[in-house]
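Printed here is start.cif (mmCIF, C-alpha atoms and all ligand atoms):
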data_work
#
loop_
_atom_site.label_atom_id
_atom_site.label_comp_id
_atom_site.auth_asym_id
_atom_site.auth_seq_id
_atom_site.Cartn_x
_atom_site.Cartn_y
_atom_site.Cartn_z
CA MET A 976 -91.22 -32.42 30.05
CA LYS A 977 -89.86 -33.17 26.60
CA LYS A 978 -86.10 -33.32 26.11
CA ILE A 979 -84.85 -31.44 23.09
CA VAL A 980 -81.18 -31.44 22.05
CA CYS A 981 -79.90 -28.43 20.08
CA VAL A 982 -76.65 -29.19 18.28
CA VAL A 983 -74.06 -26.57 17.31
CA GLY A 984 -70.85 -27.38 15.48
CA THR A 985 -69.50 -24.20 13.86
CA ARG A 986 -69.65 -20.43 14.33
CA PRO A 987 -72.65 -19.74 12.05
CA GLU A 988 -74.69 -22.62 13.50
CA ALA A 989 -74.20 -21.24 17.01
CA ILE A 990 -75.09 -17.68 15.96
CA LYS A 991 -78.29 -18.86 14.29
CA MET A 992 -79.20 -21.48 16.94
CA ALA A 993 -78.58 -19.23 19.97
CA PRO A 994 -81.92 -17.38 19.69
CA VAL A 995 -83.73 -20.71 19.18
CA ILE A 996 -82.11 -22.14 22.32
CA ASN A 997 -83.12 -19.05 24.28
CA ALA A 998 -86.71 -19.15 22.98
CA LEU A 999 -87.05 -22.86 23.79
CA LYS A 1000 -85.65 -22.40 27.29
CA LEU A 1001 -88.63 -20.15 28.04
CA GLN A 1002 -91.08 -22.98 27.23
CA PRO A 1003 -92.24 -24.75 30.42
CA TRP A 1004 -92.51 -28.12 28.63
CA ALA A 1005 -88.96 -28.06 27.21
CA ASP A 1006 -85.91 -29.61 28.83
CA VAL A 1007 -83.31 -28.04 26.52
CA ARG A 1008 -79.86 -29.63 26.18
CA VAL A 1009 -77.09 -28.08 24.09
CA LEU A 1010 -74.58 -30.36 22.40
CA ALA A 1011 -71.41 -28.64 21.19
CA ALA A 1012 -70.14 -30.80 18.35
CA ALA A 1013 -67.13 -28.43 18.21
CA GLN A 1014 -66.40 -28.91 14.51
CA HIS A 1015 -65.00 -25.43 15.21
CA ARG A 1016 -63.30 -24.93 18.55
CA GLN A 1017 -62.26 -21.29 19.05
CA MET A 1018 -64.91 -19.77 16.77
CA LEU A 1019 -67.70 -21.83 18.35
CA ASP A 1020 -66.60 -20.91 21.84
CA GLN A 1021 -66.53 -17.19 20.90
CA VAL A 1022 -70.26 -17.39 20.08
CA LEU A 1023 -71.26 -19.56 23.04
CA ILE A 1024 -69.58 -17.13 25.45
CA LEU A 1025 -71.21 -14.10 23.81
CA PHE A 1026 -74.71 -15.62 24.04
CA ASP A 1027 -74.10 -17.05 27.52
CA ILE A 1028 -74.68 -20.66 26.45
CA VAL A 1029 -73.01 -23.42 28.47
CA PRO A 1030 -73.14 -26.73 26.55
CA ASP A 1031 -74.36 -29.88 28.30
CA GLY A 1032 -72.09 -32.02 26.14
CA ASP A 1033 -68.97 -31.30 24.11
CA MET A 1034 -67.70 -33.67 21.42
CA HIS A 1035 -64.32 -31.93 20.90
CA VAL A 1036 -64.13 -33.15 17.30
CA MET A 1037 -62.07 -30.36 15.69
CA GLN A 1038 -58.62 -31.24 14.40
CA THR A 1039 -56.22 -28.98 12.49
CA LYS A 1040 -56.78 -29.30 8.72
CA GLN A 1041 -59.53 -31.86 9.32
CA ASN A 1042 -60.74 -33.92 6.39
CA LEU A 1043 -64.41 -34.51 5.71
CA THR A 1044 -64.42 -38.30 6.05
CA ASP A 1045 -62.75 -38.43 9.46
CA LEU A 1046 -64.73 -35.43 10.66
CA THR A 1047 -67.98 -37.14 9.65
CA ALA A 1048 -66.98 -40.34 11.44
CA ARG A 1049 -66.13 -38.49 14.67
CA LEU A 1050 -69.41 -36.55 14.51
CA LEU A 1051 -71.53 -39.68 13.93
CA LEU A 1052 -69.93 -41.56 16.82
CA GLY A 1053 -69.90 -38.64 19.24
CA SER A 1054 -73.47 -37.52 18.66
CA GLY A 1055 -74.72 -41.12 18.65
CA LYS A 1056 -73.18 -41.67 22.09
CA PHE A 1057 -74.74 -38.45 23.42
CA PHE A 1058 -78.17 -39.41 22.06
CA ASP A 1059 -77.93 -42.89 23.61
CA GLU A 1060 -77.16 -41.33 27.01
CA GLU A 1061 -79.69 -38.48 26.83
CA LYS A 1062 -82.52 -40.18 24.90
CA PRO A 1063 -83.98 -36.93 23.55
CA ASP A 1064 -87.52 -36.56 22.21
CA ALA A 1065 -86.26 -34.34 19.38
CA VAL A 1066 -83.01 -33.02 17.92
CA LEU A 1067 -82.54 -29.61 16.31
CA VAL A 1068 -79.79 -28.89 13.78
CA GLN A 1069 -79.11 -25.67 11.88
CA GLY A 1070 -77.83 -25.10 8.36
CA ASP A 1071 -75.62 -27.18 6.10
CA THR A 1072 -72.33 -28.06 7.74
CA THR A 1073 -70.90 -31.55 8.11
CA THR A 1074 -72.08 -31.44 11.73
CA VAL A 1075 -75.67 -31.04 10.54
CA MET A 1076 -75.51 -33.92 8.07
CA ALA A 1077 -73.75 -36.37 10.41
CA VAL A 1078 -75.77 -35.51 13.51
CA ALA A 1079 -79.04 -35.77 11.57
CA LEU A 1080 -77.98 -39.23 10.41
CA ALA A 1081 -77.13 -40.31 13.97
CA ALA A 1082 -80.54 -39.08 15.15
CA PHE A 1083 -82.30 -40.77 12.23
CA TYR A 1084 -80.64 -44.11 13.04
CA ARG A 1085 -82.15 -43.80 16.53
CA GLN A 1086 -85.53 -42.69 15.12
CA ILE A 1087 -85.37 -39.40 16.96
CA PRO A 1088 -87.39 -36.71 15.13
CA ILE A 1089 -85.21 -33.95 13.64
CA GLY A 1090 -85.99 -30.27 13.26
CA HIS A 1091 -83.95 -28.59 10.52
CA VAL A 1092 -83.49 -24.86 11.07
CA GLU A 1093 -82.76 -22.95 7.81
CA ALA A 1094 -84.21 -25.73 5.67
CA GLY A 1095 -84.61 -25.71 1.91
CA LEU A 1096 -81.67 -23.57 0.74
CA ARG A 1097 -80.45 -24.91 -2.60
CA THR A 1098 -78.27 -24.02 -5.56
CA GLY A 1099 -79.12 -27.28 -7.33
CA ASP A 1100 -75.38 -27.98 -7.79
CA LEU A 1101 -73.70 -30.53 -5.50
CA SER A 1102 -70.29 -28.93 -6.19
CA ASN A 1103 -71.34 -25.38 -5.29
CA PRO A 1104 -71.13 -24.90 -2.39
CA PHE A 1105 -69.18 -28.05 -1.56
CA PRO A 1106 -70.02 -30.03 0.52
CA GLU A 1107 -72.83 -27.88 1.93
CA GLU A 1108 -75.37 -28.53 -0.84
CA ALA A 1109 -75.13 -32.29 -0.19
CA ASN A 1110 -75.22 -31.77 3.59
CA ARG A 1111 -78.48 -29.82 3.47
CA VAL A 1112 -80.10 -32.18 0.97
CA ILE A 1113 -79.31 -35.16 3.23
CA ALA A 1114 -80.45 -33.39 6.42
CA GLY A 1115 -83.60 -32.28 4.61
CA ARG A 1116 -84.37 -35.83 3.53
CA LEU A 1117 -84.25 -36.98 7.16
CA ALA A 1118 -86.02 -34.09 8.91
CA ARG A 1119 -89.46 -34.16 10.48
CA TRP A 1120 -89.81 -30.34 10.80
CA HIS A 1121 -88.45 -28.11 8.02
CA PHE A 1122 -88.04 -24.53 9.29
CA ALA A 1123 -87.64 -22.73 5.98
CA PRO A 1124 -86.50 -19.10 6.07
CA THR A 1125 -88.27 -17.98 2.88
CA ARG A 1126 -91.02 -18.95 0.47
CA SER A 1127 -88.47 -19.95 -2.16
CA ALA A 1128 -86.81 -22.31 0.34
CA ARG A 1129 -90.26 -23.81 0.90
CA ALA A 1130 -90.72 -24.18 -2.86
CA ASN A 1131 -87.38 -26.03 -3.10
CA LEU A 1132 -88.54 -28.51 -0.47
CA LEU A 1133 -91.93 -29.02 -2.10
CA GLY A 1134 -90.08 -29.71 -5.36
CA GLU A 1135 -88.17 -32.51 -3.59
CA GLY A 1136 -91.41 -34.10 -2.40
CA VAL A 1137 -91.47 -32.86 1.19
CA SER A 1138 -95.02 -32.69 2.50
CA ASP A 1139 -96.44 -29.17 2.73
CA ALA A 1140 -97.62 -29.93 6.28
CA ASP A 1141 -94.02 -30.45 7.44
CA ILE A 1142 -92.68 -27.12 6.09
CA PHE A 1143 -92.92 -23.92 8.15
CA VAL A 1144 -91.78 -20.58 6.72
CA THR A 1145 -90.34 -18.98 9.85
CA ARG A 1146 -87.88 -16.43 8.33
CA ASN A 1147 -84.20 -16.72 9.32
CA THR A 1148 -83.06 -16.79 12.95
CA VAL A 1149 -79.89 -14.91 11.96
CA ILE A 1150 -81.89 -11.69 12.01
CA ASP A 1151 -83.01 -12.49 15.59
CA ALA A 1152 -79.32 -12.80 16.55
CA LEU A 1153 -78.40 -9.67 14.61
CA LEU A 1154 -81.11 -7.53 16.20
CA ALA A 1155 -80.16 -8.80 19.66
CA THR A 1156 -76.57 -7.73 18.99
CA ALA A 1157 -76.66 -4.74 16.63
CA ASN A 1158 -77.82 -2.16 19.15
CA ARG A 1159 -75.00 -2.82 21.59
CA GLU A 1160 -72.25 -0.23 21.59
CA ILE A 1161 -69.27 -2.44 20.90
CA ASP A 1162 -65.63 -1.64 20.39
CA ALA A 1163 -64.30 -4.42 18.16
CA GLY A 1164 -60.88 -3.83 19.70
CA LEU A 1165 -59.30 -2.83 16.39
CA GLN A 1166 -57.32 0.24 15.42
CA LEU A 1167 -59.24 1.46 12.37
CA PRO A 1168 -58.57 4.72 10.52
CA VAL A 1169 -61.12 7.43 11.29
CA ASN A 1170 -61.29 8.69 7.69
CA GLY A 1171 -61.88 6.84 4.44
CA ARG A 1172 -64.22 4.02 3.57
CA LEU A 1173 -63.95 0.61 5.20
CA ILE A 1174 -64.17 -2.42 2.91
CA LEU A 1175 -64.75 -5.59 4.90
CA ILE A 1176 -63.63 -8.97 3.53
CA THR A 1177 -64.24 -12.59 4.55
CA CYS A 1178 -63.46 -15.78 2.65
CA HIS A 1179 -63.53 -19.43 3.65
CA ARG A 1180 -65.44 -21.69 1.24
CA ARG A 1181 -63.82 -25.03 0.39
CA GLU A 1182 -64.60 -24.73 -3.34
CA ASN A 1183 -62.59 -21.48 -3.32
CA PHE A 1184 -59.41 -23.07 -1.90
CA GLY A 1185 -56.34 -22.92 -4.15
CA ALA A 1186 -56.56 -20.84 -7.34
CA PRO A 1187 -59.92 -19.09 -6.65
CA ILE A 1188 -58.87 -17.76 -3.22
CA ARG A 1189 -55.61 -16.50 -4.74
CA ARG A 1190 -57.57 -14.72 -7.49
CA ILE A 1191 -59.87 -13.18 -4.87
CA CYS A 1192 -56.91 -11.98 -2.77
CA LYS A 1193 -55.19 -10.56 -5.87
CA ALA A 1194 -58.37 -8.61 -6.66
CA ILE A 1195 -58.40 -7.15 -3.13
CA ARG A 1196 -54.72 -6.29 -3.54
CA GLN A 1197 -55.40 -4.40 -6.79
CA LEU A 1198 -58.36 -2.60 -5.21
CA ALA A 1199 -56.23 -1.59 -2.24
CA GLU A 1200 -53.50 -0.28 -4.56
CA ASN A 1201 -56.06 1.68 -6.64
CA ASN A 1202 -57.94 3.13 -3.64
CA THR A 1203 -55.25 4.17 -1.20
CA LYS A 1204 -57.59 6.35 0.88
CA ASP A 1205 -59.85 3.37 1.59
CA HIS A 1206 -59.10 0.77 4.26
CA PHE A 1207 -59.51 -2.97 3.71
CA LEU A 1208 -60.15 -5.11 6.81
CA TYR A 1209 -59.96 -8.89 6.53
CA PRO A 1210 -60.73 -11.05 9.59
CA VAL A 1211 -59.03 -14.23 8.42
CA HIS A 1212 -60.70 -17.60 8.95
CA PRO A 1213 -58.31 -19.90 10.91
CA ASN A 1214 -58.44 -22.61 8.23
CA PRO A 1215 -54.75 -22.98 7.17
CA ASN A 1216 -55.82 -23.02 3.47
CA VAL A 1217 -57.25 -19.52 3.93
CA MET A 1218 -54.54 -18.09 6.16
CA GLU A 1219 -51.66 -19.06 3.87
CA ALA A 1220 -53.18 -17.32 0.81
CA ALA A 1221 -54.06 -14.13 2.71
CA GLU A 1222 -50.75 -13.73 4.50
CA SER A 1223 -48.63 -14.16 1.37
CA ILE A 1224 -50.64 -11.91 -1.00
CA PHE A 1225 -51.27 -8.95 1.32
CA ALA A 1226 -47.79 -8.65 2.82
CA GLY A 1227 -46.56 -5.03 2.83
CA LEU A 1228 -49.83 -3.29 1.87
CA PRO A 1229 -50.45 -0.40 4.30
CA ASN A 1230 -54.23 -0.20 3.76
CA VAL A 1231 -54.98 -3.93 4.07
CA GLN A 1232 -55.38 -5.05 7.67
CA LEU A 1233 -55.58 -8.72 8.54
CA CYS A 1234 -56.93 -9.77 11.93
CA ALA A 1235 -58.11 -12.88 13.75
CA PRO A 1236 -61.83 -13.77 13.56
CA LEU A 1237 -63.82 -11.23 15.53
CA ASP A 1238 -66.41 -12.27 18.05
CA TYR A 1239 -69.94 -11.82 16.71
CA ALA A 1240 -70.64 -8.53 18.50
CA GLY A 1241 -67.35 -7.09 17.26
CA PHE A 1242 -68.01 -8.30 13.74
CA VAL A 1243 -71.49 -6.78 13.70
CA ALA A 1244 -69.98 -3.48 14.86
CA VAL A 1245 -67.46 -3.66 12.02
CA MET A 1246 -70.20 -4.49 9.49
CA ARG A 1247 -72.09 -1.40 10.64
CA ARG A 1248 -68.96 0.72 10.22
CA SER A 1249 -68.17 -0.70 6.75
CA TYR A 1250 -69.02 0.80 3.35
CA LEU A 1251 -69.32 -2.49 1.51
CA ILE A 1252 -68.46 -6.15 2.06
CA ILE A 1253 -66.68 -8.65 -0.20
CA SER A 1254 -67.39 -12.18 1.00
CA ASP A 1255 -68.19 -15.79 0.17
CA SER A 1256 -70.07 -16.24 3.46
CA GLY A 1257 -73.65 -17.42 3.61
CA GLY A 1258 -74.71 -15.63 6.79
CA ILE A 1259 -73.22 -12.29 5.76
CA GLN A 1260 -75.45 -12.27 2.65
CA GLU A 1261 -78.40 -12.32 5.06
CA GLU A 1262 -77.15 -9.90 7.73
CA ALA A 1263 -75.41 -7.16 5.76
CA PRO A 1264 -78.46 -6.13 3.71
CA ALA A 1265 -80.37 -5.58 6.97
CA LEU A 1266 -77.63 -3.14 7.98
CA GLY A 1267 -77.75 -1.40 4.58
CA LYS A 1268 -74.36 -2.76 3.46
CA PRO A 1269 -74.00 -4.10 -0.11
CA VAL A 1270 -72.31 -7.50 -0.41
CA LEU A 1271 -70.27 -8.57 -3.43
CA VAL A 1272 -70.33 -12.36 -3.28
CA VAL A 1273 -67.13 -14.01 -4.49
CA ARG A 1274 -68.70 -17.32 -5.48
CA GLU A 1275 -69.99 -18.91 -8.67
CA LYS A 1276 -73.44 -19.66 -7.22
CA THR A 1277 -75.50 -18.58 -4.25
CA GLU A 1278 -78.45 -20.15 -2.50
CA ARG A 1279 -79.46 -16.68 -1.23
CA SER A 1280 -81.31 -15.84 -4.46
CA GLU A 1281 -83.77 -13.51 -2.69
CA ALA A 1282 -81.00 -11.05 -1.83
CA VAL A 1283 -79.70 -11.07 -5.41
CA GLU A 1284 -83.23 -10.47 -6.73
CA GLU A 1285 -83.63 -7.54 -4.31
CA ASN A 1286 -80.29 -6.11 -5.58
CA VAL A 1287 -78.83 -5.94 -2.08
CA VAL A 1288 -76.29 -8.67 -2.86
CA ARG A 1289 -74.39 -9.18 -6.14
CA LEU A 1290 -72.77 -12.41 -7.31
CA VAL A 1291 -69.39 -11.44 -8.83
CA GLY A 1292 -67.65 -14.81 -9.33
CA THR A 1293 -64.01 -15.47 -8.54
CA THR A 1294 -62.01 -13.95 -11.39
CA THR A 1295 -59.68 -11.12 -10.39
CA GLN A 1296 -60.77 -8.89 -13.27
CA ARG A 1297 -64.51 -9.12 -12.55
CA ILE A 1298 -64.16 -8.65 -8.78
CA VAL A 1299 -62.03 -5.54 -9.35
CA ALA A 1300 -64.42 -4.13 -12.01
CA GLU A 1301 -67.62 -4.72 -9.98
CA THR A 1302 -66.14 -3.37 -6.75
CA GLN A 1303 -64.58 -0.33 -8.39
CA SER A 1304 -67.82 0.61 -10.15
CA LEU A 1305 -69.68 0.47 -6.84
CA LEU A 1306 -66.97 2.55 -5.15
CA ASP A 1307 -67.10 5.14 -7.95
CA ASP A 1308 -70.87 5.36 -8.45
CA PRO A 1309 -72.85 6.68 -5.46
CA VAL A 1310 -76.17 6.14 -7.28
CA ALA A 1311 -75.49 2.45 -7.94
CA TYR A 1312 -74.21 2.17 -4.36
CA GLY A 1313 -77.35 3.83 -2.96
CA ALA A 1314 -79.55 1.44 -4.95
CA MET A 1315 -77.94 -1.48 -3.09
CA ALA A 1316 -77.53 0.10 0.36
CA ARG A 1317 -81.22 0.25 1.13
CA GLY A 1318 -81.34 -1.38 4.57
CA ILE A 1319 -83.85 -4.07 3.71
CA SER A 1320 -83.46 -7.77 4.35
CA PRO A 1321 -85.53 -10.46 2.69
CA TYR A 1322 -84.54 -12.81 5.50
CA GLY A 1323 -86.17 -11.90 8.74
CA ASP A 1324 -87.95 -9.75 11.24
CA GLY A 1325 -86.46 -10.96 14.53
CA GLN A 1326 -89.33 -13.36 15.30
CA ALA A 1327 -88.11 -16.55 13.61
CA SER A 1328 -87.01 -18.31 16.81
CA GLN A 1329 -90.34 -17.65 18.49
CA ARG A 1330 -92.14 -19.14 15.48
CA ILE A 1331 -89.98 -22.27 15.75
CA ALA A 1332 -90.65 -22.54 19.49
CA ASP A 1333 -94.41 -22.16 18.86
CA ILE A 1334 -94.44 -24.96 16.27
CA LEU A 1335 -92.49 -27.30 18.55
CA THR A 1336 -94.79 -26.41 21.44
CA ARG A 1337 -97.80 -27.36 19.33
CA ASP A 1338 -96.26 -30.66 18.23
CA LEU A 1339 -94.30 -31.76 21.30
CA ALA A 1340 -95.77 -30.23 24.47
CA SER A 1341 -98.90 -32.39 24.52
CA LEU A 1342 -97.24 -35.68 23.50
CA SER A 1343 -97.31 -38.29 26.24
C1 LIG A 1401 -67.10 -24.99 8.07
C2 LIG A 1401 -68.24 -25.57 7.27
C3 LIG A 1401 -68.85 -24.53 6.36
C4 LIG A 1401 -69.20 -23.27 7.13
C5 LIG A 1401 -67.99 -22.79 7.91
C6 LIG A 1401 -68.35 -21.60 8.76
C7 LIG A 1401 -68.19 -27.94 6.58
C8 LIG A 1401 -67.59 -28.93 5.68
N1 LIG A 1401 -67.75 -26.67 6.45
O1 LIG A 1401 -66.07 -24.66 7.13
O2 LIG A 1401 -70.03 -25.07 5.77
O3 LIG A 1401 -69.63 -22.30 6.21
O4 LIG A 1401 -67.52 -23.83 8.75
O5 LIG A 1401 -67.20 -20.91 9.16
O6 LIG A 1401 -69.00 -28.26 7.41
N2 LIG A 1401 -60.23 -23.99 12.49
C9 LIG A 1401 -59.62 -23.60 13.67
N3 LIG A 1401 -60.41 -23.05 14.64
C10 LIG A 1401 -61.75 -22.86 14.52
C11 LIG A 1401 -62.34 -23.27 13.31
C12 LIG A 1401 -61.57 -23.83 12.31
O7 LIG A 1401 -58.43 -23.73 13.83
O8 LIG A 1401 -62.40 -22.36 15.44
C13 LIG A 1401 -59.37 -24.59 11.42
C14 LIG A 1401 -58.96 -26.05 11.74
O9 LIG A 1401 -57.68 -26.28 11.23
C15 LIG A 1401 -59.98 -26.85 10.92
C16 LIG A 1401 -60.13 -25.96 9.71
O10 LIG A 1401 -60.10 -24.62 10.20
O11 LIG A 1401 -59.55 -28.15 10.59
C17 LIG A 1401 -61.36 -26.19 8.88
O12 LIG A 1401 -62.54 -26.21 9.67
P1 LIG A 1401 -63.87 -26.91 9.01
O13 LIG A 1401 -64.97 -26.77 10.00
O14 LIG A 1401 -63.56 -28.26 8.52
O15 LIG A 1401 -64.13 -26.03 7.72
P2 LIG A 1401 -64.56 -24.53 7.57
O16 LIG A 1401 -63.85 -24.01 6.38
O17 LIG A 1401 -64.42 -23.82 8.86
N1 LIG A 1402 -68.68 -13.59 11.71
C1 LIG A 1402 -68.12 -13.34 12.96
N2 LIG A 1402 -66.80 -12.96 13.03
C2 LIG A 1402 -66.01 -12.86 11.93
C3 LIG A 1402 -66.58 -13.15 10.66
C4 LIG A 1402 -67.90 -13.52 10.59
O1 LIG A 1402 -68.81 -13.41 13.98
O2 LIG A 1402 -64.82 -12.50 12.07
C5 LIG A 1402 -70.09 -14.01 11.63
C6 LIG A 1402 -70.95 -13.33 10.60
O3 LIG A 1402 -71.53 -12.14 11.10
C7 LIG A 1402 -72.00 -14.38 10.28
C8 LIG A 1402 -71.25 -15.67 10.50
O4 LIG A 1402 -70.09 -15.37 11.25
O5 LIG A 1402 -73.07 -14.36 11.21
C9 LIG A 1402 -70.89 -16.27 9.17
O6 LIG A 1402 -69.99 -17.28 9.36
P1 LIG A 1402 -69.17 -17.91 8.17
O7 LIG A 1402 -68.99 -16.89 7.09
O8 LIG A 1402 -67.95 -18.48 8.79
O9 LIG A 1402 -70.07 -19.11 7.69
P2 LIG A 1402 -71.26 -19.24 6.63
O10 LIG A 1402 -72.32 -18.28 6.98
O11 LIG A 1402 -70.66 -18.99 5.28
O12 LIG A 1402 -71.69 -20.66 6.78
#
Take the structure in this file and express it as structure tokens.
Ligand code: UD1
Ligand code: UDP
Amino acid sequence: MKKIVCVVGTRPEAIKMAPVINALKLQPWADVRVLAAAQHRQMLDQVLILFDIVPDGDMHVMQTKQNLTDLTARLLLGSGKFFDEEKPDAVLVQGDTTTVMAVALAAFYRQIPIGHVEAGLRTGDLSNPFPEEANRVIAGRLARWHFAPTRSARANLLGEGVSDADIFVTRNTVIDALLATANREIDAGLQLPVNGRLILITCHRRENFGAPIRRICKAIRQLAENNTKDHFLYPVHPNPNVMEAAESIFAGLPNVQLCAPLDYAGFVAVMRRSYLIISDSGGIQEEAPALGKPVLVVREKTERSEAVEENVVRLVGTTTQRIVAETQSLLDDPVAYGAMARGISPYGDGQASQRIADILTRDLASLS
């Protein structure tokens, strides 16, 4: 048996790692251990419960309003201790959070080979998104297996000098998770109006804190005032920087509904019910196109260039005026809307996790 530790720190890592964990558990050679770094507490637990994953270790690192330096230190120490106790043959990390960067470093210091799931995403700008671009560059520099979701992610890695033999274009495991979830009949537990269009909103990026998030919320406020028959639903990220802006700007608007983060199945159900999505999320840019839902991305840059090129996602920046103009033109123009709502995703086919398991089987199962 080979021991393989899969690490999950935040909500999106757990969503995208869950199908990989399940695929690896079916391999007779694999002794799979799950380490919950718990950079997120409640939102991580929501996903673990949904996918029936019970962690073998839990680092309990989350603190309210955590800062990146202390978080990194807790993650390095906690994961290092777990690796010293478990002595894994390989470690898998997913994405570009601080968990990924710190845990990869702890594994590297112990010379444990690292598999990076969702490797090679880049904007080329260390400030956008911050600190995720740096996190994924560092994890990528340390990884032994680069599981790239697309050909352009592979090209980014080749451009940084990664050997072609270490890069595997697997597609994105988020579509595996989405397909496993999307067909369930779920009631998200929300009171939503039966008539009118549903506009779904999420926002949480660090580089948007302060003035940008206020501009984004003001744009939503104007849109809600101009489109009173439409309903705006905003599951608010529990980061205090996000909650404060949302609660102050939307107070008193009858067609803007704020709610706590939904569990993944509930959120997928709400995405399916929505007309369009306004978001700065990474994962939603991958999932929503597969459900035929246009995404207006409230960021300056995106690493999901494939979706922009396919015209299923549009980058609209963070100025109030542009967000209002771009959203209103999509709400008013059914032809432009139809051109975006095509139900195609450049990101996956539901087989990404199996491809990752097959590659690890080839490379690990026969090692003595
Ligand atoms: C983190 C990741 C980001 C990822 C996002 C997914 C970093 C630096 N950021 O951002 O890349 O896109 O997760 O959502 O790795 N909190 C809770 N409960 C939770 C989760 C968060 O209360 O379940 C609050 C805490 O006060 C915490 C704060 O949110 O300190 C920020 O959490 P943190 O993980 O540092 O940043 P995110 O914005 O969630
Ligand atoms: N999501 C969720 N509940 C919510 C909002 C989002 O389950 O209330 C899911 C969403 O479907 C996607 C993931 O969380 O799979 C994206 O997480 P987030 O936007 O926090 O992080 P990012 O993808 O930007 O790193």
message: I'd like the neighbourhood of stretch 1035-1039 of chain A as a PyMOL selection string, where a residue qualifies if any of its atoms comes within 6 Å (using all atoms listed in the file), though same-chain residues fewer than 4 positions away should be ignored.
response: chain A and resi 1013-1015
- request: Identify which of the residues A:Cys981, A:Ile1089, A:Ala989, A:Ala1081 lies closest to ligand LIG 1401 (chain A), counting all atoms listed in the file when measuring atom-to-atom distances.
  value: A:Ala989
Nearest-residue call for A:Ser1138, choices A:Leu1208, A:Ala1118, A:Ala1226, A:Ala1155, using all atoms listed in the file: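 Answer, going by the shortest atom-to-atom distance: A:Ala1118.
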Atom CA of A:Leu1096 to atom CA of A:Asn1147, distance in Å rounded to a single decimal: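 Taking atom CA of A:Leu1096 as the start and atom CA of A:Asn1147 as the end point, the length is 11.3 Å.
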message: Can you measure atom CA of A:Asn1170 to atom CA of A:Met1246 for me? One decimal in Å is fine.
response: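 One can read the atom CA of A:Asn1170 to atom CA of A:Met1246 distance as 16.0 Å.
Taking all atoms listed in the file into account, ligand LIG 1402 (chain A) lies nearest to A:Val1075 out of the set A:Val1009, A:Ala1082, A:Val1075, A:Ile1195.
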Contacts of A:Ala1012 within 7 Å, all atoms listed in the file, excl. fewer than 3 positions in-chain, as a list of chain:residue names: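 Contacts, in chain order: A:Val982, A:Val983, A:Gly984, A:Asp1033, A:Met1034, A:His1035, A:Val1036, A:Leu1050, A:Thr1074.
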task: Kindly extract all protein, DNA and RNA residues lying within 12 Å of the coordinates (-83.3, -41.7, 12.3) given in the file, considering all atoms listed in the file, and supply them as a list in words.
output: Gly1055, Phe1058, Asp1064, Ala1065, Val1066, Met1076, Ala1077, Val1078, Ala1079, Leu1080, Ala1081, Ala1082, Phe1083, Tyr1084, Arg1085, Gln1086, Ile1087, Pro1088, Ile1089, Gly1090, Ile1113, Ala1114, Arg1116, Leu1117, Ala1118 and Arg1119 of chain A
Per residue of chain A within 7 Å of ligand LIG 1401 (chain A), which atom pair is closest and at what distance in Å (one decimal), using all atoms listed in the file, listed by chain and increasing number, as CSV?
residue,atom,partner,partner_atom,distance
A:Thr985,CA,A:LIG1401,O4,5.5
A:Arg986,CA,A:LIG1401,O5,5.7
A:Pro987,CA,A:LIG1401,C6,5.7
A:Gln1014,CA,A:LIG1401,O13,5.2
A:His1015,CA,A:LIG1401,C11,3.9
A:Arg1016,CA,A:LIG1401,O8,4.1
A:Gln1017,CA,A:LIG1401,O8,3.8
A:Met1018,CA,A:LIG1401,O8,3.8
A:Leu1019,CA,A:LIG1401,O8,6.1
A:Met1037,CA,A:LIG1401,O11,6.1
A:Gln1038,CA,A:LIG1401,O11,5.0
A:Thr1039,CA,A:LIG1401,O9,3.3
A:Lys1040,CA,A:LIG1401,O11,3.5
A:Gln1041,CA,A:LIG1401,O11,3.9
A:Asn1042,CA,A:LIG1401,O14,6.7
A:Leu1043,CA,A:LIG1401,C8,6.4
A:Asp1071,CA,A:LIG1401,O2,6.0
A:Thr1072,CA,A:LIG1401,O6,3.4
A:Thr1073,CA,A:LIG1401,O6,3.9
A:Thr1074,CA,A:LIG1401,O6,6.2
A:Pro1106,CA,A:LIG1401,C8,5.8
A:Glu1107,CA,A:LIG1401,O2,5.5
A:His1179,CA,A:LIG1401,O16,5.3
A:Arg1180,CA,A:LIG1401,O16,5.9
A:Arg1181,CA,A:LIG1401,O16,6.1
A:Pro1213,CA,A:LIG1401,N2,4.8
A:Asn1214,CA,A:LIG1401,O10,3.3
A:Pro1215,CA,A:LIG1401,O9,6.0
A:Ser1256,CA,A:LIG1401,O3,6.7
A:Gly1257,CA,A:LIG1401,O3,6.8
message: If the limit is 7 Å from any atom of ligand LIG 1402 (chain A), counting all atoms listed in the file, which residues qualify? Return them as an NGL selection string.
response: :A and (986-987 or 990 or 1149 or 1177 or 1179 or 1210 or 1235-1240 or 1242-1243 or 1255-1259 or 1262)
